[in-house]
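Down below is the structure, laid out as structure tokens.
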4 protein chains.
Amino acid sequence: MLNDYQRVRRFTERLTETLTPEDSTLQSMPAASPAKWQLAHTTWFFETFLVGRFDREVSGYEPIDPAYAVLFNSYYNTVGEQFPRQQRGLISRPGLSEVWDYRRRVDDAVARLAERGALAEDPQAGHILAIGLNHEQQHQELLLTDIKHALAVNPLEPAFRDDPRAPSEASEQGWADLEGGVRSIGHDGDGFAYDNEGPRHEALLQPHQLAHRPVSCGEYLQFIADGGYEDPTLWLAEGWNTVKSEGWSAPLYWRREADGRWTEFTLAGRSDVDPAAPVTHVSYFEADAFARWAGARLPTEFEWEAACPQAAGSRQTAGGFADKLVAAGQSVQPSAETGGNGLRQMLGGVWEWTASAYTPYPGYRAADGALGEYNGKFMVNQQVLRGGSCATSSDHIRPTYRNFFATAARWQFSGIRLAK
Amino acid sequence: MLNDYQRVRRFTERLTETLTPEDSTLQSMPAASPAKWQLAHTTWFFETFLVGRFDREVSGYEPIDPAYAVLFNSYYNTVGEQFPRQQRGLISRPGLSEVWDYRRRVDDAVARLAERGALAEDPQAGHILAIGLNHEQQHQELLLTDIKHALAVNPLEPAFRDDPRAPSEASEQGWADLEGGVRSIGHDGDGFAYDNEGPRHEALLQPHQLAHRPVSCGEYLQFIADGGYEDPTLWLAEGWNTVKSEGWSAPLYWRREADGRWTEFTLAGRSDVDPAAPVTHVSYFEADAFARWAGARLPTEFEWEAACPQAAGSRQTAGGFADKLVAAGQSVQPSAETGGNGLRQMLGGVWEWTASAYTPYPGYRAADGALGEYNGKFMVNQQVLRGGSCATSSDHIRPTYRNFFATAARWQFSGIRLAK
Amino acid sequence: MLNDYQRVRRFTERLTETLTPEDSTLQSMPAASPAKWQLAHTTWFFETFLVGRFDREVSGYEPIDPAYAVLFNSYYNTVGEQFPRQQRGLISRPGLSEVWDYRRRVDDAVARLAERGALAEDPQAGHILAIGLNHEQQHQELLLTDIKHALAVNPLEPAFRDDPRAPSEASEQGWADLEGGVRSIGHDGDGFAYDNEGPRHEALLQPHQLAHRPVSCGEYLQFIADGGYEDPTLWLAEGWNTVKSEGWSAPLYWRREADGRWTEFTLAGRSDVDPAAPVTHVSYFEADAFARWAGARLPTEFEWEAACPQAAGSRQTAGGFADKLVAAGQSVQPSAETGGNGLRQMLGGVWEWTASAYTPYPGYRAADGALGEYNGKFMVNQQVLRGGSCATSSDHIRPTYRNFFATAARWQFSGIRLAK
Amino acid sequence: MLNDYQRVRRFTERLTETLTPEDSTLQSMPAASPAKWQLAHTTWFFETFLVGRFDREVSGYEPIDPAYAVLFNSYYNTVGEQFPRQQRGLISRPGLSEVWDYRRRVDDAVARLAERGALAEDPQAGHILAIGLNHEQQHQELLLTDIKHALAVNPLEPAFRDDPRAPSEASEQGWADLEGGVRSIGHDGDGFAYDNEGPRHEALLQPHQLAHRPVSCGEYLQFIADGGYEDPTLWLAEGWNTVKSEGWSAPLYWRREADGRWTEFTLAGRSDVDPAAPVTHVSYFEADAFARWAGARLPTEFEWEAACPQAAGSRQTAGGFADKLVAAGQSVQPSAETGGNGLRQMLGGVWEWTASAYTPYPGYRAADGALGEYNGKFMVNQQVLRGGSCATSSDHIRPTYRNFFATAARWQFSGIRLAK
């Protein structure tokens, strides 16, 4: 257990080791957070919910700085006030090195807890540890998407890290025929899952089809070329308003160069759009409009989940960022994946927007106390995404995982799988 | 058919006969529209989609004023540009009497079409007529909710019409036990329905309970007294933000007087809150928070619809505004309804917020052409409401009807029925 | 005195007699007010400051409606709360006919006061009457500029009244040489003046030149053709930001038609821009940029006032709207005026932006009480305009008159006279 | 000359030596800039206008990074595009150490220019060098006021540097009687001055009085205690709106503690308000309201400047931040200064708001080219401040100096001297 803890915490550090103190302070929009803040917030999570509760009585643990309880609390009203979200980029102190120090001191406290056997003995403590690690893994992905957004603002277009990405080759698109019927949906309780993945329950599906692979950049370029961004009949009304007010004409980070080439800003700097790679950084509105243009639709999250076991093996082959980082020279950018005729790249390529609004499963009830604020209170006006992306740690990906974002969000590695 | 047309059109006119030209021009928020605009817009609908299509070839019908095509088009991109929605209150010309004249001239054209047999012969024409009448009935309700909002801004608090409402008596609350299983949901095609009510399909329900009647003002006052508006743990995160930013502390139109009494602005002016009447003018956020406070939840729209046949007879007893207006002296304010122990007042009291996001039914596909813009493009970031209100015409109410509003909207006659 | 009162009040009524109830309710931006509101507000002024003070003790006068004290108070904190300025367009009640009735009842009360001799005996009462009449004359101009702005929003471009304007002929531009030295500035106390026109004091002028006549539309068209709106070096920084954010490329109400012609919306509907007429509806930023482009500058208000007596006779020849309306068939649009070689059209053509910020004269002190709020509290972040316009009553124009508007305002009949 | 250059540049570096890389990146509002950006911008100024022009032909000087021309251009449209002002806090790269390196490389290039004799020979080069140094001195003050604002946002309230400020003692207030008459105003051309300080010209003053010293915190506390922030009759209309919308109830950085004490955030952290020290961090609106409350007014900039020679010796005794920093242990917070009965602390305590709008002097004409954008284009909607503050370098202070800020700005060391 302490092993897991240390592995996840070290990986966060490897991920962020190229960030300068200045980089780590940036907040480019209210929805994104500075890297330094995330390094501290994930630590505050363990300090508050684990060490503060399970070590205080025993060893009289005192918070490292009482002000951190306000500065690094994201949205837990139950444990107190929060520093305003949109001002996180104004926190120069504590500095990056102080935050690293904060991490080490909390890590030491967790280690002491573990050595004392508290994590193994108390199931509640073990559960909180698991939540904390999954929480940190979520932030590993956000660290990447948030810093990508912040660096993209800079006209110098600095690279987060090198990335010798090779052009890929998209397989031909095809459709898997899937049966209807009553299917069990949701996590079965074996291994960790968030509360929003349950209760496991039955859902009734209609017969349907799912595309073999996510929509590629090349296919999306055809949508653009066909006037997709100029035709209101393809869009939800709110989507069309957003296209107009935001001036969207391509996925986030794409740019049409003077010579007509399309390029995109990546974590490795600007490069050519790879037509074979899955399109990413599209909003729900764009995914929905593309589907309508293609004469198809987006899958429901139940259709997606029910089909996922059929994609057996994809968990191993797809992987997420964690594995790629270890195998040096790999990209933090989704790339095409070739394979058989079945459903491919469901896990670990791009988060796939579903047609399902993010609502509670039948019988869902948020836990009591602060951790009950983790998921439940966000179940409105968002859409579910499934599958994990190239920036998700591979052991954080599972078929029942429900990610969720607002319908205009584009800075995640979000893409499109069609259904019929 | 022409009969129906004339009945619905005349009713709109009776509804608005007390409005002054100045009243008819008001737009108190972007989501609401001036009465005069609505009188013209519903007319433009018939002129554009019915007369303009089916009479032009025969009699060479010419639009009464080409500028109306822009001024009174609400959101149909397929038929051209629209005057900006938030500026509808700046249209002084055409004046109210010109708009009445516009109505009469289009009514004459429709009558000529009918006399020529075009409506009976051409199923397409008959279908458009039916949509147009349902559309006008929707606006009958909006005319009331929008003018209520506009008049409430005026410190004179003018009454829209007299209303000798008698205090009512709430029956005791109880719970109906309802079985799970596969149920058919959606309109069966017999009689008019909007496209969003279909395709009829099967849905799987869990066993559940529904409250016998909507939440009363008295029960809602307990929620307020218990600090409901001050406790973030009761609220969705976006709801809590809205409470704070809008300063909500009670339903829309309620005011706590210096002596502690609660009053509310009604279409008949300000009066005391009736504890027995169903609470109304609450947002989805408030409905959801109230349910959490009460240890319950909101029903899904499928649970609601499946239970509705069990409320047999409620269509007759509940009624909507139309009937009440005819029986002079009745109120345009929901009031308590006594009855048996079963589900009561499901139709025609208050619109009941459901836990269901407004998404397409399996197999739904918007129609081609402009009328395909009627419903489908709004299927995102809204919640479904069911049942109709005291301001809905009784023949516009049906168990499969799906109304939808954004989660912060409060100016409709929207209320709460609990589920477990 | 009562004569003056009745003359001014009747003229307001003649001015607004073509407005429909719907027109009278419009508020097209927060800085503008509905006509009906202005009809009531000018009446409230007399009721509050004259009748309410001088008639209450004698005849026990009671306010016609206590709510009017809030609804029609513009900005007098000393006498109570004000209905929010930006919501004046939401006041449908009292209706236009009730407001006319309000006017008549207050007029009657003033007449009774006059008959009792109160106005003649009490210099304070006479002074307030004079302020009230000048105040109403200011609103006569605002009634025209505000309704022009509101009607211009309507794609029907309705005419406020007919206007058989004849094309005019601009005289050649020239420069008057004016001496420096110490000059007396400000009102000498003979006849009515606002407090901001005094105290009369000495100011030191440098030798300078003033243009013979205001800049014409033809000259302004050259500025446009020369890229005036695209060259940041011609503009104040805040002006340039405004050009960009508002998308300005010509004076307010101007439009370039498909065939290249320039037209403008006038109170008589849309018509061709007359190259000989003085340019109007330009902001301070545009006036300043034009002057820089022309190698000149704007005059200070002291230069302007000191030169004004040299324009002897212009008071008679120029005139304002009042006279024109009486001589039926005249235009409410500035037109060219031919004459000698001296300073022409200083009074009554267009309000001329000066280089002077609106600040108090040395020794200025606002009066005590509510009427002290009339002028003094606006002496910041505005520029002075001089001379009166085609929409100003001719007996409301005087050389010492200081009008003032924010630097981005364009909806007044504001124009440009150059200086060197 | 190179001496001056090096002295000013080194002082900037001493001023900012305690800033961390994270601190240096903060931008807490659009009107403020990150310290790192200012370190680079002042360097870009020399690179662009001096080295780029005078060294390019000789030594083929190439810009260190072409992207800096966009990133660090503040508002010079003549030399190209600018990175958006409100996003300066999003520039993590170049990092602080790269900016230091940039400074050194440009410093070297300037040294080479000097060694070659270019600065001495070419009066144009010498003039640009002088502007550049004065420009850098302005930024020295802004570095302090901007970082103070940014650090104040942080609940940790970090100190910029230590500051053992001793409580001071205010002398009694008194009034100097000053004669009217024609006085010469503006810089006489001897030594450096900005173009906005000329042309020197004559102005006519009325007899008046000036307060012996700036308003103290103790006096300002009386204004607060007397309800100054609750009484609209004391305020300009726009000021009162700002009080309401911003919730002002004391100067910026002041806080009333639970025990009733008033504290203020300073560059040395939070400390008690010193009643004897000059009040600072007040807006023009507050200065004007205080003056009205005190039965006085603010001086015009001409009155202020004409009186300044009478304050002979104040230049030496008052001083600015530069001297204080050298004499270690001095404060960057204005403190009381005792002295004779004459005008005291006119230079170097707090910037004194004047009643004069910032407009050009008679005959002023902005220079051609980019440096003409330095001052002239800001001459609208701002008020002049005079005298320099505790944060101004003492050799940057002069009696003719015209500082200017918008009327709601409070983050400068701005205070109040009364006049009558």
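Letters A, B, ... mark the chains of the structure tokens in the order given; residue numbers begin at 1 per chain; ligand numbers begin at 1, in order shown.
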Residues of chain A within 8 Å of chain D, counting only C-alpha atoms, as an MDAnalysis selection string: chainID A and resid 20:23 25:28 67 71 89:93 95:96 150:151 153:156 158
Contacts of C:Ala237 within 8 Å, only C-alpha atoms, excl. fewer than 4 positions in-chain, as a list in words: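 In the requested form, the answer reads Pro232 and Asn241 of chain C; Lys377 and Phe378 of chain D.
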10 Å contact set for C:Ser271, only C-alpha atoms, chain neighbours under 4 positions out, as a ChimeraX atom specification: /C:165,254,262-267
Those same residues - C-alpha atoms - I'd like them written as a tab-separated table (two decimals), in the first residue's frame.
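See part-v5.tsv below for the written result:
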```tsv
chain	number	residue	atom	x	y	z
C	165	ARG	CA	-34.61	68.40	-45.90
C	254	TRP	CA	-23.99	56.13	-40.91
C	262	TRP	CA	-23.16	56.66	-47.52
C	263	THR	CA	-26.54	57.01	-45.83
C	264	GLU	CA	-27.52	57.99	-42.32
C	265	PHE	CA	-30.49	57.31	-40.10
C	266	THR	CA	-32.26	60.56	-39.20
C	267	LEU	CA	-35.38	61.42	-37.27
```
Selection: 10 Å around B:Leu371, only C-alpha atoms, excl. self and same-chain fewer than 2 positions, as a VMD selection string: chain B and resid 49 76 78 to 79 128 131 195 366 to 369 373 to 376
Write to file, as a compact mmCIF listing (two decimals), in the first residue's frame, the residues of the selection just made, with N, CA, C and O atoms.
```txt
# COMPACT_ATOMS: atom_id res chain seq x y z
N PHE B 49 -44.78 28.98 -42.31
CA PHE B 49 -44.72 27.54 -42.53
C PHE B 49 -45.99 26.98 -43.15
O PHE B 49 -45.97 25.91 -43.75
N TYR B 76 -35.12 30.08 -36.13
CA TYR B 76 -35.07 29.15 -37.27
C TYR B 76 -34.03 29.61 -38.28
O TYR B 76 -34.30 30.42 -39.15
N THR B 78 -32.80 28.04 -40.61
CA THR B 78 -33.06 27.54 -41.95
C THR B 78 -33.86 28.52 -42.79
O THR B 78 -33.77 28.53 -44.02
N VAL B 79 -34.69 29.35 -42.15
CA VAL B 79 -35.49 30.29 -42.93
C VAL B 79 -34.96 31.72 -42.87
O VAL B 79 -35.62 32.64 -43.34
N ILE B 128 -48.59 20.63 -40.01
CA ILE B 128 -48.01 21.93 -39.68
C ILE B 128 -49.01 22.78 -38.90
O ILE B 128 -48.65 23.48 -37.95
N ILE B 131 -48.86 21.59 -35.37
CA ILE B 131 -47.67 22.09 -34.68
C ILE B 131 -47.86 23.56 -34.33
O ILE B 131 -47.55 24.01 -33.23
N ASP B 195 -42.12 15.90 -31.72
CA ASP B 195 -41.18 14.84 -32.09
C ASP B 195 -40.33 14.38 -30.91
O ASP B 195 -39.94 13.21 -30.84
N ALA B 366 -34.20 14.45 -35.59
CA ALA B 366 -34.96 15.66 -35.89
C ALA B 366 -35.42 15.60 -37.33
O ALA B 366 -34.74 15.05 -38.21
N ALA B 367 -36.61 16.17 -37.61
CA ALA B 367 -37.13 16.22 -38.97
C ALA B 367 -36.22 17.07 -39.85
O ALA B 367 -35.45 17.89 -39.35
N ASP B 368 -36.29 16.86 -41.14
CA ASP B 368 -35.57 17.72 -42.07
C ASP B 368 -36.24 19.09 -42.11
O ASP B 368 -37.43 19.22 -41.81
N GLY B 369 -35.51 20.08 -42.54
CA GLY B 369 -36.09 21.40 -42.75
C GLY B 369 -36.22 22.19 -41.47
O GLY B 369 -35.77 21.77 -40.39
N GLU B 373 -35.85 22.20 -36.44
CA GLU B 373 -35.18 23.02 -35.43
C GLU B 373 -36.04 23.20 -34.19
O GLU B 373 -35.62 23.85 -33.23
N TYR B 374 -37.27 22.68 -34.23
CA TYR B 374 -38.21 23.00 -33.15
C TYR B 374 -37.72 22.53 -31.79
O TYR B 374 -37.74 23.27 -30.81
N ASN B 375 -37.29 21.30 -31.71
CA ASN B 375 -36.96 20.71 -30.41
C ASN B 375 -35.53 20.22 -30.30
O ASN B 375 -34.86 20.42 -29.29
N GLY B 376 -35.08 19.53 -31.34
CA GLY B 376 -33.85 18.75 -31.23
C GLY B 376 -32.64 19.55 -30.84
O GLY B 376 -31.79 19.09 -30.08
```
Non-local contacts of A:Val8 (12 Å; only C-alpha atoms; under 3 positions in same chain excluded) as a PyMOL selection string: chain A and resi 1-5+11-15+42-43+107+129-130+132-140+322+393-396
Residues flagged strand (DSSP E) by DSSP in stretch 180-411 of chain A, as a PyMOL selection string: chain A and resi 181-185+201-205+208-211+254-256+262-266+269-272+351-357+383-386+403-405
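The space separating atom CA of D:Ala357 from atom CA of C:Tyr361 comes to 12.9 Å.
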Atom pair atom CA of B:Ser245 / atom CA of B:Ala408: separation (Å):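 The value is 11.7 Å.
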